[in-house]
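Visitor: Provided herewith: entry_35.tsv, TSV, N, CA and C atoms.
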```tsv
chain	number	residue	atom	x	y	z
A	249	MET	N	89.72	78.55	69.63
A	249	MET	CA	89.08	77.56	70.46
A	249	MET	C	89.77	77.42	71.82
A	250	LEU	N	91.11	77.33	71.80
A	250	LEU	CA	91.88	77.21	73.03
A	250	LEU	C	91.73	78.46	73.89
A	251	ALA	N	91.69	79.62	73.26
A	251	ALA	CA	91.52	80.88	74.00
A	251	ALA	C	90.16	80.90	74.70
A	252	THR	N	89.13	80.39	74.07
A	252	THR	CA	87.81	80.35	74.66
A	252	THR	C	87.80	79.44	75.89
A	253	ILE	N	88.47	78.32	75.81
A	253	ILE	CA	88.55	77.38	76.93
A	253	ILE	C	89.29	78.03	78.10
A	254	ILE	N	90.39	78.71	77.82
A	254	ILE	CA	91.17	79.37	78.87
A	254	ILE	C	90.34	80.46	79.54
A	255	ILE	N	89.63	81.25	78.75
A	255	ILE	CA	88.79	82.30	79.30
A	255	ILE	C	87.70	81.70	80.19
A	256	CYS	N	87.09	80.62	79.74
A	256	CYS	CA	86.04	79.96	80.53
A	256	CYS	C	86.60	79.43	81.85
A	257	VAL	N	87.80	78.85	81.83
A	257	VAL	CA	88.42	78.33	83.05
A	257	VAL	C	88.72	79.47	84.02
A	258	VAL	N	89.24	80.58	83.50
A	258	VAL	CA	89.54	81.74	84.36
A	258	VAL	C	88.26	82.30	84.96
A	259	LEU	N	87.21	82.42	84.17
A	259	LEU	CA	85.93	82.91	84.69
A	259	LEU	C	85.34	81.97	85.74
A	260	ALA	N	85.45	80.67	85.51
A	260	ALA	CA	84.95	79.69	86.48
A	260	ALA	C	85.73	79.79	87.78
A	261	ALA	N	87.05	79.92	87.69
A	261	ALA	CA	87.89	80.05	88.88
A	261	ALA	C	87.53	81.32	89.66
A	262	ALA	N	87.31	82.41	88.94
A	262	ALA	CA	86.93	83.67	89.59
A	262	ALA	C	85.56	83.52	90.27
A	263	GLY	N	84.65	82.82	89.64
A	263	GLY	CA	83.33	82.60	90.23
A	263	GLY	C	83.41	81.75	91.49
A	264	VAL	N	84.22	80.71	91.46
A	264	VAL	CA	84.39	79.85	92.64
A	264	VAL	C	85.02	80.66	93.77
A	265	TYR	N	86.06	81.43	93.47
A	265	TYR	CA	86.72	82.26	94.49
A	265	TYR	C	85.74	83.26	95.09
A	266	GLY	N	84.94	83.89	94.25
A	266	GLY	CA	83.94	84.84	94.74
A	266	GLY	C	82.91	84.18	95.64
A	267	ALA	N	82.46	83.01	95.26
A	267	ALA	CA	81.47	82.29	96.07
A	267	ALA	C	82.05	81.89	97.42
A	268	ILE	N	83.31	81.44	97.43
A	268	ILE	CA	83.96	81.06	98.69
A	268	ILE	C	84.13	82.28	99.58
A	269	SER	N	84.57	83.40	99.01
A	269	SER	CA	84.75	84.62	99.79
A	269	SER	C	83.42	85.10	100.36
A	270	TYR	N	82.38	85.05	99.56
A	270	TYR	CA	81.06	85.48	100.02
A	270	TYR	C	80.56	84.58	101.14
A	271	ARG	N	80.74	83.30	100.98
A	271	ARG	CA	80.33	82.34	102.02
A	271	ARG	C	81.09	82.59	103.32
A	272	LYS	N	82.38	82.85	103.21
A	272	LYS	CA	83.19	83.14	104.39
A	272	LYS	C	82.69	84.39	105.10
A	273	ARG	N	82.37	85.42	104.33
A	273	ARG	CA	81.88	86.66	104.92
A	273	ARG	C	80.54	86.45	105.61
A	274	LEU	N	79.69	85.62	105.04
A	274	LEU	CA	78.39	85.34	105.65
A	274	LEU	C	78.54	84.59	106.98
A	275	THR	N	79.52	83.69	107.05
A	275	THR	CA	79.67	82.89	108.25
A	275	THR	C	80.54	83.53	109.31
A	276	SER	N	81.50	84.38	108.93
A	276	SER	CA	82.41	84.93	109.93
A	276	SER	C	82.34	86.44	110.03
A	277	GLY	N	81.49	87.09	109.30
A	277	GLY	CA	81.42	88.55	109.36
A	277	GLY	C	82.58	89.17	108.59
A	278	CYS	N	82.51	90.47	108.41
A	278	CYS	CA	83.53	91.12	107.60
A	278	CYS	C	84.88	91.15	108.29
A	279	CYS	N	84.89	91.11	109.62
A	279	CYS	CA	86.17	91.20	110.33
A	279	CYS	C	86.25	90.14	111.42
A	280	GLY	N	85.64	88.99	111.17
A	280	GLY	CA	85.74	87.90	112.11
A	280	GLY	C	84.76	87.97	113.26
A	281	SER	N	83.75	88.80	113.16
A	281	SER	CA	82.81	88.94	114.27
A	281	SER	C	81.84	87.76	114.35
A	282	ALA	N	81.78	86.95	113.32
A	282	ALA	CA	80.93	85.76	113.25
A	282	ALA	C	79.47	86.07	113.54
A	283	GLY	N	79.05	87.28	113.19
A	283	GLY	CA	77.67	87.65	113.39
A	283	GLY	C	77.30	87.83	114.86
A	284	GLY	N	78.30	87.77	115.73
A	284	GLY	CA	78.06	87.91	117.17
A	284	GLY	C	77.90	89.37	117.54
A	285	PRO	N	77.95	89.64	118.83
A	285	PRO	CA	77.76	91.01	119.29
A	285	PRO	C	78.91	91.91	118.85
A	286	VAL	N	78.60	93.17	118.68
A	286	VAL	CA	79.61	94.14	118.29
A	286	VAL	C	80.57	94.32	119.45
A	287	GLU	N	81.86	94.40	119.13
A	287	GLU	CA	82.87	94.61	120.16
A	287	GLU	C	82.66	95.95	120.83
A	288	LYS	N	82.71	95.95	122.16
A	288	LYS	CA	82.51	97.19	122.91
A	288	LYS	C	83.76	98.05	122.83
A	289	LYS	N	83.52	99.37	122.79
A	289	LYS	CA	84.64	100.30	122.81
A	289	LYS	C	85.18	100.40	124.22
A	290	HIS	N	86.50	100.43	124.31
A	290	HIS	CA	87.14	100.69	125.59
A	290	HIS	C	87.32	102.19	125.69
A	291	ARG	N	86.64	102.78	126.64
A	291	ARG	CA	86.66	104.23	126.79
A	291	ARG	C	87.94	104.70	127.44
A	292	VAL	N	88.44	105.82	126.97
A	292	VAL	CA	89.60	106.46	127.57
A	292	VAL	C	89.10	107.36	128.69
A	293	LYS	N	89.73	107.26	129.85
A	293	LYS	CA	89.26	108.04	130.99
A	293	LYS	C	89.63	109.51	130.88
A	294	ASP	N	90.84	109.80	130.42
A	294	ASP	CA	91.31	111.18	130.32
A	294	ASP	C	91.03	111.70	128.91
A	295	LYS	N	89.99	112.52	128.78
A	295	LYS	CA	89.61	113.06	127.46
A	295	LYS	C	89.82	114.56	127.40
A	296	ASP	N	90.81	115.05	128.13
A	296	ASP	CA	91.17	116.46	128.08
A	296	ASP	C	92.25	116.64	127.02
A	297	PRO	N	91.91	117.26	125.88
A	297	PRO	CA	92.88	117.39	124.79
A	297	PRO	C	94.18	118.09	125.20
A	298	SER	N	94.13	118.95	126.20
A	298	SER	CA	95.34	119.66	126.61
A	298	SER	C	96.36	118.73	127.27
A	299	HIS	N	95.94	117.52	127.66
A	299	HIS	CA	96.85	116.55	128.26
A	299	HIS	C	97.59	115.73	127.20
A	300	TYR	N	97.26	115.95	125.95
A	300	TYR	CA	97.85	115.18	124.85
A	300	TYR	C	98.57	116.13	123.88
A	301	PRO	N	99.82	116.46	124.14
A	301	PRO	CA	100.51	117.44	123.30
A	301	PRO	C	100.93	116.92	121.93
A	302	PHE	N	100.95	115.62	121.74
A	302	PHE	CA	101.37	115.04	120.47
A	302	PHE	C	100.16	114.46	119.74
A	303	ARG	N	100.19	114.58	118.42
A	303	ARG	CA	99.03	114.14	117.63
A	303	ARG	C	99.48	113.66	116.26
A	304	LYS	N	98.87	112.56	115.79
A	304	LYS	CA	99.14	112.03	114.45
A	304	LYS	C	97.83	111.54	113.85
A	305	CYS	N	97.78	111.54	112.54
A	305	CYS	CA	96.64	111.00	111.80
A	305	CYS	C	97.11	109.78	111.03
A	306	LEU	N	96.51	108.63	111.32
A	306	LEU	CA	96.86	107.40	110.62
A	306	LEU	C	95.82	107.13	109.55
A	307	LYS	N	96.27	106.91	108.34
A	307	LYS	CA	95.38	106.48	107.25
A	307	LYS	C	95.43	104.96	107.23
A	308	ILE	N	94.26	104.34	107.37
A	308	ILE	CA	94.18	102.90	107.58
A	308	ILE	C	93.37	102.23	106.48
A	309	ASP	N	93.88	101.11	106.00
A	309	ASP	CA	93.21	100.34	104.96
A	309	ASP	C	92.64	99.06	105.55
A	310	GLY	N	91.47	98.67	105.09
A	310	GLY	CA	90.90	97.38	105.46
A	310	GLY	C	89.69	97.45	106.37
A	311	MET	N	89.33	98.62	106.85
A	311	MET	CA	88.15	98.72	107.73
A	311	MET	C	86.89	98.81	106.87
A	312	SER	N	85.85	98.05	107.28
A	312	SER	CA	84.63	98.08	106.48
A	312	SER	C	83.36	98.17	107.31
A	313	CYS	N	83.48	98.18	108.64
A	313	CYS	CA	82.28	98.26	109.47
A	313	CYS	C	82.62	98.84	110.84
A	314	SER	N	81.60	99.05	111.66
A	314	SER	CA	81.83	99.63	112.98
A	314	SER	C	82.62	98.70	113.88
A	315	ASN	N	82.52	97.40	113.65
A	315	ASN	CA	83.32	96.46	114.44
A	315	ASN	C	84.81	96.64	114.12
A	316	CYS	N	85.13	96.89	112.86
A	316	CYS	CA	86.51	97.16	112.47
A	316	CYS	C	87.02	98.41	113.19
A	317	VAL	N	86.19	99.45	113.22
A	317	VAL	CA	86.55	100.69	113.90
A	317	VAL	C	86.84	100.41	115.36
A	318	ASN	N	86.00	99.62	116.01
A	318	ASN	CA	86.21	99.30	117.41
A	318	ASN	C	87.49	98.51	117.64
A	319	HIS	N	87.81	97.58	116.72
A	319	HIS	CA	89.06	96.81	116.84
A	319	HIS	C	90.26	97.75	116.83
A	320	VAL	N	90.29	98.65	115.86
A	320	VAL	CA	91.43	99.57	115.72
A	320	VAL	C	91.48	100.53	116.90
A	321	GLU	N	90.35	101.11	117.24
A	321	GLU	CA	90.31	102.08	118.34
A	321	GLU	C	90.74	101.43	119.66
A	322	ASN	N	90.25	100.24	119.93
A	322	ASN	CA	90.63	99.54	121.16
A	322	ASN	C	92.12	99.22	121.18
A	323	ALA	N	92.66	98.82	120.04
A	323	ALA	CA	94.09	98.51	119.98
A	323	ALA	C	94.93	99.75	120.28
A	324	LEU	N	94.59	100.87	119.63
A	324	LEU	CA	95.36	102.09	119.85
A	324	LEU	C	95.16	102.63	121.27
A	325	ASN	N	93.93	102.60	121.77
A	325	ASN	CA	93.67	103.08	123.12
A	325	ASN	C	94.28	102.18	124.19
A	326	GLY	N	94.70	100.99	123.80
A	326	GLY	CA	95.38	100.08	124.71
A	326	GLY	C	96.82	100.49	124.99
A	327	ILE	N	97.35	101.40	124.18
A	327	ILE	CA	98.70	101.92	124.41
A	327	ILE	C	98.61	102.97	125.51
A	328	GLU	N	99.47	102.86	126.50
A	328	GLU	CA	99.48	103.81	127.62
A	328	GLU	C	99.66	105.24	127.11
A	329	GLY	N	98.79	106.15	127.54
A	329	GLY	CA	98.90	107.55	127.19
A	329	GLY	C	98.38	107.91	125.82
A	330	VAL	N	97.52	107.06	125.24
A	330	VAL	CA	96.97	107.31	123.91
A	330	VAL	C	95.46	107.46	123.99
A	331	TRP	N	94.95	108.42	123.23
A	331	TRP	CA	93.51	108.60	123.06
A	331	TRP	C	93.27	108.68	121.55
A	332	ALA	N	92.66	107.65	121.00
A	332	ALA	CA	92.44	107.57	119.56
A	332	ALA	C	90.96	107.56	119.23
A	333	LYS	N	90.62	108.24	118.15
A	333	LYS	CA	89.28	108.19	117.59
A	333	LYS	C	89.42	107.76	116.14
A	334	VAL	N	88.66	106.74	115.75
A	334	VAL	CA	88.75	106.20	114.39
A	334	VAL	C	87.48	106.56	113.64
A	335	ASP	N	87.65	106.98	112.38
A	335	ASP	CA	86.52	107.36	111.53
A	335	ASP	C	86.48	106.42	110.32
A	336	LEU	N	85.40	105.67	110.22
A	336	LEU	CA	85.26	104.70	109.14
A	336	LEU	C	85.19	105.37	107.77
A	337	MET	N	84.43	106.45	107.67
A	337	MET	CA	84.22	107.10	106.37
A	337	MET	C	85.52	107.62	105.77
A	338	SER	N	86.38	108.19	106.58
A	338	SER	CA	87.65	108.72	106.07
A	338	SER	C	88.76	107.68	106.12
A	339	GLY	N	88.51	106.56	106.80
A	339	GLY	CA	89.53	105.52	106.92
A	339	GLY	C	90.74	106.00	107.69
A	340	SER	N	90.49	106.77	108.73
A	340	SER	CA	91.62	107.35	109.47
A	340	SER	C	91.41	107.28	110.97
A	341	ALA	N	92.52	107.41	111.68
A	341	ALA	CA	92.50	107.46	113.14
A	341	ALA	C	93.20	108.73	113.58
A	342	ASP	N	92.54	109.51	114.40
A	342	ASP	CA	93.13	110.70	115.01
A	342	ASP	C	93.71	110.22	116.35
A	343	VAL	N	95.03	110.21	116.44
A	343	VAL	CA	95.70	109.66	117.61
A	343	VAL	C	96.35	110.79	118.40
A	344	ARG	N	95.89	110.97	119.64
A	344	ARG	CA	96.47	111.94	120.56
A	344	ARG	C	97.34	111.17	121.54
A	345	MET	N	98.53	111.74	121.86
A	345	MET	CA	99.48	111.04	122.71
A	345	MET	C	100.02	111.97	123.79
A	346	LYS	N	100.19	111.43	124.98
A	346	LYS	CA	100.79	112.20	126.07
A	346	LYS	C	102.30	112.29	125.88
A	347	GLU	N	102.89	111.27	125.29
A	347	GLU	CA	104.31	111.24	124.94
A	347	GLU	C	104.42	110.80	123.49
A	348	GLU	N	105.45	111.25	122.81
A	348	GLU	CA	105.67	110.88	121.41
A	348	GLU	C	105.82	109.36	121.30
A	349	ILE	N	105.05	108.77	120.40
A	349	ILE	CA	105.13	107.33	120.13
A	349	ILE	C	105.58	107.17	118.69
A	350	SER	N	106.51	106.27	118.46
A	350	SER	CA	107.07	106.11	117.11
A	350	SER	C	106.02	105.63	116.12
A	351	ASP	N	106.22	106.01	114.87
A	351	ASP	CA	105.33	105.56	113.80
A	351	ASP	C	105.30	104.05	113.73
A	352	GLN	N	106.45	103.41	113.95
A	352	GLN	CA	106.54	101.96	113.86
A	352	GLN	C	105.65	101.28	114.90
A	353	VAL	N	105.61	101.81	116.13
A	353	VAL	CA	104.77	101.24	117.18
A	353	VAL	C	103.29	101.38	116.81
A	354	LEU	N	102.92	102.55	116.30
A	354	LEU	CA	101.52	102.77	115.90
A	354	LEU	C	101.14	101.83	114.75
A	355	LYS	N	102.01	101.72	113.76
A	355	LYS	CA	101.74	100.83	112.62
A	355	LYS	C	101.60	99.38	113.08
A	356	GLN	N	102.50	98.93	113.96
A	356	GLN	CA	102.46	97.55	114.42
A	356	GLN	C	101.21	97.27	115.23
A	357	THR	N	100.78	98.24	116.03
A	357	THR	CA	99.57	98.08	116.83
A	357	THR	C	98.35	97.88	115.93
A	358	VAL	N	98.26	98.69	114.89
A	358	VAL	CA	97.14	98.57	113.94
A	358	VAL	C	97.26	97.26	113.17
A	359	LYS	N	98.48	96.89	112.79
A	359	LYS	CA	98.68	95.63	112.07
A	359	LYS	C	98.27	94.44	112.92
A	360	ASP	N	98.62	94.48	114.22
A	360	ASP	CA	98.24	93.40	115.12
A	360	ASP	C	96.72	93.29	115.28
A	361	ALA	N	96.02	94.39	115.06
A	361	ALA	CA	94.55	94.38	115.11
A	361	ALA	C	93.95	93.85	113.80
A	362	GLY	N	94.80	93.69	112.77
A	362	GLY	CA	94.33	93.11	111.51
A	362	GLY	C	94.15	94.10	110.37
A	363	TYR	N	94.74	95.29	110.48
A	363	TYR	CA	94.57	96.32	109.47
A	363	TYR	C	95.92	96.89	109.08
A	364	GLN	N	95.95	97.75	108.08
A	364	GLN	CA	97.21	98.25	107.53
A	364	GLN	C	97.23	99.77	107.52
A	365	VAL	N	98.26	100.35	108.12
A	365	VAL	CA	98.46	101.80	108.05
A	365	VAL	C	99.27	102.06	106.78
A	366	TYR	N	98.75	102.91	105.89
A	366	TYR	CA	99.48	103.21	104.66
A	366	TYR	C	100.05	104.62	104.63
A	367	LYS	N	99.67	105.44	105.61
A	367	LYS	CA	100.23	106.79	105.67
A	367	LYS	C	100.04	107.34	107.07
A	368	ILE	N	101.04	108.08	107.52
A	368	ILE	CA	100.94	108.78	108.81
A	368	ILE	C	101.21	110.24	108.57
A	369	LEU	N	100.25	111.07	108.99
A	369	LEU	CA	100.36	112.52	108.83
A	369	LEU	C	100.52	113.17	110.19
A	370	PRO	N	101.22	114.30	110.25
A	370	PRO	CA	101.34	115.00	111.53
A	370	PRO	C	100.02	115.66	111.92
A	371	GLY	N	99.83	115.90	113.18
A	371	GLY	CA	98.63	116.58	113.65
A	371	GLY	C	97.37	115.78	113.42
A	372	ASP	N	96.30	116.46	113.08
A	372	ASP	CA	95.01	115.78	112.86
A	372	ASP	C	94.80	115.40	111.41
A	373	GLY	N	95.84	115.54	110.59
A	373	GLY	CA	95.75	115.13	109.19
A	373	GLY	C	95.24	116.21	108.26
A	374	ASN	N	94.98	117.38	108.77
A	374	ASN	CA	94.50	118.48	107.91
A	374	ASN	C	95.63	119.40	107.53
```
Would you write out, as structure tokens, the structure that this file holds?
Guide:
Amino acid sequence: MLATIIICVVLAAAGVYGAISYRKRLTSGCCGSAGGPVEKKHRVKDKDPSHYPFRKCLKIDGMSCSNCVNHVENALNGIEGVWAKVDLMSGSADVRMKEEISDQVLKQTVKDAGYQVYKILPGDGN
């Protein structure tokens, strides 16, 4: 009898948590966009790959929509001498750099945008 009550309480708590999370997502969007306009991409002016001798692939957790991609891409492209392309399907960012940038700086930049880098690979990640 006590086990049944405990199971019911846990299920009720999970249901309440799920309803609150769903309501939050409906009102604020998946990444805080609040259903407003999609964040515009900040374009990199220098798109000549030969100008970027350094390259890393960041594996990123937490992206779920194109707005998330734009947040991460804009954050990385905000670093001087960086040209980043983010792919939602693979959950990765191809980061080209004119000068070597430390893994810690790249991780912190993505973290400040609201996402988590869980792996950094050399080159384009292949």
Visitor: Using all atoms listed in the file, pick whichever of A:Trp331, A:Tyr366, A:Phe302, A:Tyr265 has the shortest atom-to-atom distance to A:Ile349.
Guide: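 Smallest distance to A:Ile349 is found for A:Phe302.
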Visitor: Pick out each residue of stretch 250-374 of chain A that DSSP on the backbone tags as alpha helix (DSSP H); I need them as a ChimeraX atom specification.
Guide: /A:250-276,314-325,351-360
Visitor: Between A:Leu336, A:Glu328, A:Met249, A:Ser298, which one has atoms that come closest to A:Cys316, using all atoms listed in the file?
Guide: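 Nearest candidate to A:Cys316 out of A:Leu336, A:Glu328, A:Met249, A:Ser298: A:Leu336.
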Visitor: Between atom CA of A:Thr357 and atom C of A:Met311, what is the distance, to one decimal in Å?
Guide: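 Taking atom CA of A:Thr357 as the start and atom C of A:Met311 as the end point, the length is 16.1 Å.
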Visitor: Using DSSP secondary structure from the backbone, list all strand (DSSP E or B) positions within chain A, as JSON, numbers by chain.
Guide: {"A": [302, 303, 304, 305, 306, 307, 308, 309, 330, 331, 332, 333, 334, 335, 340, 341, 342, 343, 344, 345, 364, 365, 366, 367, 368, 369, 370]}
Visitor: Counting only C-alpha atoms, which of A:Ala361, A:Val292, A:Ile368, A:Val343 gets nearest to A:Val317?
Guide: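 Nearest to A:Val317: A:Ala361.
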Visitor: Axis-aligned box over every listed atom of stretch 350-356 of chain A, padded by 3 Å per side: centre and edges in Å to one decimal, as lines of an AutoDock Vina configuration file?
Guide:
```
center_x = 104.1
center_y = 101.8
center_z = 115.5
size_x = 11.9
size_y = 15.0
size_z = 11.8
```
Visitor: Work out how far atom N of A:Lys346 is from atom N of A:Lys288, in Å to one decimal.
Guide: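 Those two atoms sit 23.5 Å apart.
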Visitor: For A:Lys293, which of A:Ser314, A:Val264, A:Val258, A:Val330 is the closest residue, counting only C-alpha atoms?
Guide: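 The shortest atom-to-atom distance to A:Lys293 comes from A:Val330.
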Visitor: One decimal, in Å: what's the spacing between atom CA of A:Met345 and atom C of A:Asn315?
Guide: 22.3 Å
